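So the structure is just underneath, and the comments pick up after that.
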Amino acid sequence: MKKLFSNIIIDLILFDLLFGVTCLIVDKLGLEYLKWVKQTILIINCIGIISGIVQLLMMIENKTEKIIMIILVIINLLLFSKIILGTIAIFIYELYPPEYIIEIENKKMVGYVINGYETRVDYYKYKNIFTREKNRTYEENYGKGSFNPFEEEHSILTYYYYDKEGKLEKQIDTIQESEDLKEDNLDNEESAILYEKQIDKNIAIRVKRECFILAQREVISIQKTIDEGKNWNNQSSGMTIHSGADFIFIDEEIGFINDYGLAGMNGENSGLLVTNNGGKSFLKVKIELDGLKRDTQLYINDVPYKEGNILKVQTYIIEQSKKKYYYFYSEDNGLNWKIESEKE
């Protein structure tokens with residue numbers, strides 16, 4: 001037994017067999033390991049294989065036999081190159097797509113960004129630090145393009161909802177949903193306008209609610225007129241935000257959305273989005289304060305404002321039940337922010 005467990009290759013085989021058994025058990029329970037667990041196993045295997053080969057070579061005392069063994073190892077690496085490359089491909093796949101553990105509607109979920117020709121996010125119910133449910137709960141489809149929706153805001157085209165067995169249960173097309181509700185909004189159109197900014201006599205920009213989806217979420221469109229409101233054209237449509245978000249357009253091009261339920265979707269009030277093209281697209285802005293403790297949250301207060309020619313925003317943290325305010329400023333139209341001052 002001592003010799004058995006002193007051989008790294010044999011130890012690695014036994015380790016993988018044990019992990020395989022746990023995978024079968026987890027699968028029978030309708031669960032699947034989180035990505036970090038699989039990544040850890042792959043790293044252990046890579047280290048174990050390299051260490052095992054080195055150990056076998058070190059155990060050979062005869063120099064000639066050692067050279068022959070090295071040659072055999074190289075030949076085997078060449079013969080099984082496809083398998084090795086396939087393993088490397090699996091390793092890369094397990095590192096990507098990224099895994100996000102977030103909170104949606106007070107439920108912990110695990111999200112995976114799948115992108116290529118199209119981009120979508122698959123959501124699974126979180127179970128514990130090691131596992132999630134095997135079958136996805138729902139999917140957000142963003143259509144053509146390759147990007148990360150957790151880092152860059154894009155409009156969701158379609159929601160897909162799945163039952164416990166993973167079968168498609170319901171599909172919601174946000175654009176179609178908006179079209180279906182247009183007639184209902186005709187009699188009460190003003191109630192669907194969430195924000196409006198008059199740039200000059202002819203030009204104005206507004207944010208309009210198109211429909212509600214899920215709990216506390218709504219689909220909006222950014223609209224612009226250049227003829228005193230006679231005609232409104234969509235700058236963007238189908239964008240999903242949380243209800244209660246704040247809006248502001250500084251001018252015809254620069255605008256902000258402060259979505260209090262967006263960033264990380266875990267209750268952090270830091271979902272600040274900026275547009276520099278009149279609402280055609282939005283980017284998520286990160287405002288960070290050096291020296292904060294890990295459990296201290298920096299909150300964004302309201303929306304940015306312009307003071308002279310400088311964009312500013314007020315933020316705060318809560319210390320001993322009191323708010324401590326910090327002011328940031330931006331010199332690049334809201335893309336990056338620097339600390340200006342602090343105030344109790």
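Identifiers in this document derive from the order of the structure tokens: chains are assigned A, B, ..., residues are numbered from 1 separately in each chain, and ligands are numbered from 1 in order of occurrence.
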
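Residues in contact with region 161-176 of chain A at 9 Å, where only C-alpha atoms are counted and same-chain residues fewer than 4 positions away are skipped, are listed as A:Lys134, A:Asn135, A:Arg136, A:Thr137, A:Tyr138, A:Glu139, A:Ile156, A:Leu157, A:Asp180, A:Leu181, A:Glu210, A:Cys211, A:Ile213, A:Val219, A:Ser237, A:Gly238, A:Met239, A:Thr240.
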
Give me a file of those residues, with N, CA and C atoms, as a short mmCIF file (atom, residue, chain, number, x, y, z; two decimals), in the first residue's frame.
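Okay, part.cif is ready:
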```cif
data_model
loop_
_atom_site.label_atom_id
_atom_site.label_comp_id
_atom_site.auth_asym_id
_atom_site.auth_seq_id
_atom_site.Cartn_x
_atom_site.Cartn_y
_atom_site.Cartn_z
N LYS A 134 -28.43 21.19 -12.88
CA LYS A 134 -27.92 20.75 -14.18
C LYS A 134 -28.65 21.42 -15.33
N ASN A 135 -29.97 21.57 -15.21
CA ASN A 135 -30.77 22.15 -16.29
C ASN A 135 -30.95 23.65 -16.09
N ARG A 136 -30.80 24.41 -17.15
CA ARG A 136 -30.92 25.86 -17.06
C ARG A 136 -32.37 26.26 -16.78
N THR A 137 -32.50 27.39 -16.11
CA THR A 137 -33.82 27.91 -15.76
C THR A 137 -34.35 28.82 -16.85
N TYR A 138 -33.51 29.72 -17.32
CA TYR A 138 -33.89 30.56 -18.45
C TYR A 138 -32.66 31.10 -19.17
N GLU A 139 -32.92 31.72 -20.32
CA GLU A 139 -31.84 32.20 -21.19
C GLU A 139 -32.18 33.58 -21.69
N ILE A 156 -31.68 42.98 -24.85
CA ILE A 156 -32.07 41.58 -24.90
C ILE A 156 -33.20 41.44 -25.91
N LEU A 157 -33.03 40.52 -26.86
CA LEU A 157 -34.06 40.32 -27.88
C LEU A 157 -35.12 39.33 -27.44
N ASP A 180 -46.94 44.68 -29.12
CA ASP A 180 -48.26 44.29 -28.64
C ASP A 180 -48.83 45.32 -27.67
N LEU A 181 -47.93 46.04 -26.96
CA LEU A 181 -48.42 46.98 -25.97
C LEU A 181 -48.53 48.41 -26.50
N GLU A 210 -41.43 50.60 -22.86
CA GLU A 210 -42.18 49.85 -23.88
C GLU A 210 -43.07 48.79 -23.25
N CYS A 211 -42.53 48.09 -22.24
CA CYS A 211 -43.32 47.06 -21.57
C CYS A 211 -42.61 46.61 -20.31
N ILE A 213 -41.32 43.31 -18.09
CA ILE A 213 -41.00 41.88 -18.20
C ILE A 213 -40.41 41.42 -16.88
N VAL A 219 -38.70 47.05 -20.33
CA VAL A 219 -38.00 47.28 -21.58
C VAL A 219 -38.19 48.74 -21.96
N SER A 237 -33.66 50.34 -28.95
CA SER A 237 -34.90 49.78 -28.42
C SER A 237 -34.62 48.38 -27.88
N GLY A 238 -35.52 47.90 -27.02
CA GLY A 238 -35.38 46.56 -26.47
C GLY A 238 -34.41 46.46 -25.31
N MET A 239 -33.95 47.59 -24.79
CA MET A 239 -33.00 47.59 -23.68
C MET A 239 -33.73 47.28 -22.38
N THR A 240 -33.15 46.40 -21.56
CA THR A 240 -33.79 45.98 -20.32
C THR A 240 -33.12 46.64 -19.12
#
```

Q.
Just want the 9 Å neighbourhood of Leu12 (chain A), counted on only C-alpha atoms, with same-chain residues fewer than 3 positions away dropped. Output as a PyMOL selection string.
A. chain A and resi 7-9+15-17+44-45+48-49+52

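The residues of region 198-241 of chain A that DSSP assigns to strand (DSSP E) on this backbone come out as Gln198, Ala204, Ile205, Arg206, Val207, Lys208, Arg209, Glu210, Cys211, Phe212, Ile213, Arg217, Glu218, Val219, Ile220, Ser221, Ile222, Gln223, Lys224, Thr225, Asn233, Asn234, Gln235, Ser236, Ser237, Gly238, Met239, Thr240 and Ile241 of chain A.
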
Q | Within 12 Å of Lys286 (chain A) using only C-alpha atoms, minus same-chain residues under 3 positions, as a PyMOL selection string | A | chain A and resi 151-152+258+263-264+269-274+283+289+298-300+328+330+334-338

Output for the residues just chosen: N, CA and C atoms as a tab-separated table (two decimals), in the first residue's frame:
```
chain	number	residue	atom	x	y	z
A	151	GLU	N	-20.44	43.07	-18.77
A	151	GLU	CA	-19.48	44.16	-18.81
A	151	GLU	C	-19.93	45.30	-19.73
A	152	GLU	N	-20.82	44.99	-20.66
A	152	GLU	CA	-21.27	46.00	-21.62
A	152	GLU	C	-22.77	45.82	-21.86
A	258	ASN	N	-28.79	55.32	-14.23
A	258	ASN	CA	-28.36	54.73	-12.95
A	258	ASN	C	-29.36	53.65	-12.58
A	263	ALA	N	-25.86	46.30	-11.51
A	263	ALA	CA	-24.47	45.87	-11.38
A	263	ALA	C	-24.35	44.64	-10.50
A	264	GLY	N	-23.94	43.50	-11.09
A	264	GLY	CA	-23.78	42.27	-10.35
A	264	GLY	C	-25.08	41.62	-9.97
A	269	ASN	N	-25.78	49.03	-5.45
A	269	ASN	CA	-26.33	50.19	-6.15
A	269	ASN	C	-25.23	50.90	-6.92
A	270	SER	N	-24.70	50.26	-7.94
A	270	SER	CA	-23.59	50.86	-8.69
A	270	SER	C	-23.72	50.62	-10.18
A	271	GLY	N	-24.96	50.43	-10.65
A	271	GLY	CA	-25.15	50.15	-12.07
A	271	GLY	C	-25.27	51.41	-12.89
A	272	LEU	N	-24.15	52.12	-13.07
A	272	LEU	CA	-24.16	53.36	-13.84
A	272	LEU	C	-23.77	53.06	-15.28
A	273	LEU	N	-24.66	53.45	-16.22
A	273	LEU	CA	-24.43	53.24	-17.64
A	273	LEU	C	-24.28	54.59	-18.33
A	274	VAL	N	-23.38	54.65	-19.31
A	274	VAL	CA	-23.14	55.91	-20.01
A	274	VAL	C	-23.24	55.70	-21.52
A	283	LEU	N	-22.44	51.83	-22.15
A	283	LEU	CA	-21.35	51.10	-21.51
A	283	LEU	C	-21.50	51.21	-20.00
A	289	LEU	N	-13.31	53.25	-5.27
A	289	LEU	CA	-12.63	54.06	-4.25
A	289	LEU	C	-11.56	53.20	-3.61
A	298	LEU	N	-19.71	51.03	-2.18
A	298	LEU	CA	-19.76	52.42	-2.64
A	298	LEU	C	-21.04	52.61	-3.44
A	299	TYR	N	-21.93	53.48	-2.96
A	299	TYR	CA	-23.21	53.70	-3.60
A	299	TYR	C	-23.17	54.96	-4.47
A	300	ILE	N	-23.86	54.92	-5.60
A	300	ILE	CA	-23.98	56.09	-6.47
A	300	ILE	C	-25.27	56.82	-6.11
A	328	PHE	N	-16.79	62.48	-7.29
A	328	PHE	CA	-15.91	62.09	-8.39
A	328	PHE	C	-16.15	63.01	-9.59
A	330	SER	N	-15.23	63.51	-14.01
A	330	SER	CA	-14.81	62.84	-15.25
A	330	SER	C	-14.40	63.87	-16.28
A	334	GLY	N	-17.63	60.87	-18.96
A	334	GLY	CA	-18.24	59.89	-18.07
A	334	GLY	C	-17.73	58.47	-18.19
A	335	LEU	N	-16.70	58.24	-18.99
A	335	LEU	CA	-16.17	56.88	-19.14
A	335	LEU	C	-15.30	56.50	-17.95
A	336	ASN	N	-14.50	57.44	-17.45
A	336	ASN	CA	-13.62	57.19	-16.30
A	336	ASN	C	-13.80	58.31	-15.28
A	337	TRP	N	-13.69	57.92	-14.00
A	337	TRP	CA	-13.96	58.88	-12.92
A	337	TRP	C	-12.80	58.92	-11.94
A	338	LYS	N	-12.50	60.12	-11.43
A	338	LYS	CA	-11.44	60.33	-10.46
A	338	LYS	C	-12.03	60.95	-9.20
```

Q: Tell me, in Å to one decimal, how far CA of Asn276 (chain A) is from CA of Pro304 (chain A).
A: 13.8 Å

(Q) With only C-alpha atoms as the counted atoms, please give the residues lying no more than 9 Å from Gly145 (chain A), apart from itself and same-chain residues fewer than 4 positions off, as a VMD selection string. (A) chain A and resid 115 to 119

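The spacing separating CA of Ser221 (chain A) from CA of Arg209 (chain A) amounts to 6.6 Å.
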
Q: Using only C-alpha atoms, pick whichever of A:Asp290, A:Val54, A:Gln39, A:Ala204 has the shortest atom-to-atom distance to Lys230 (chain A).
A: A:Ala204
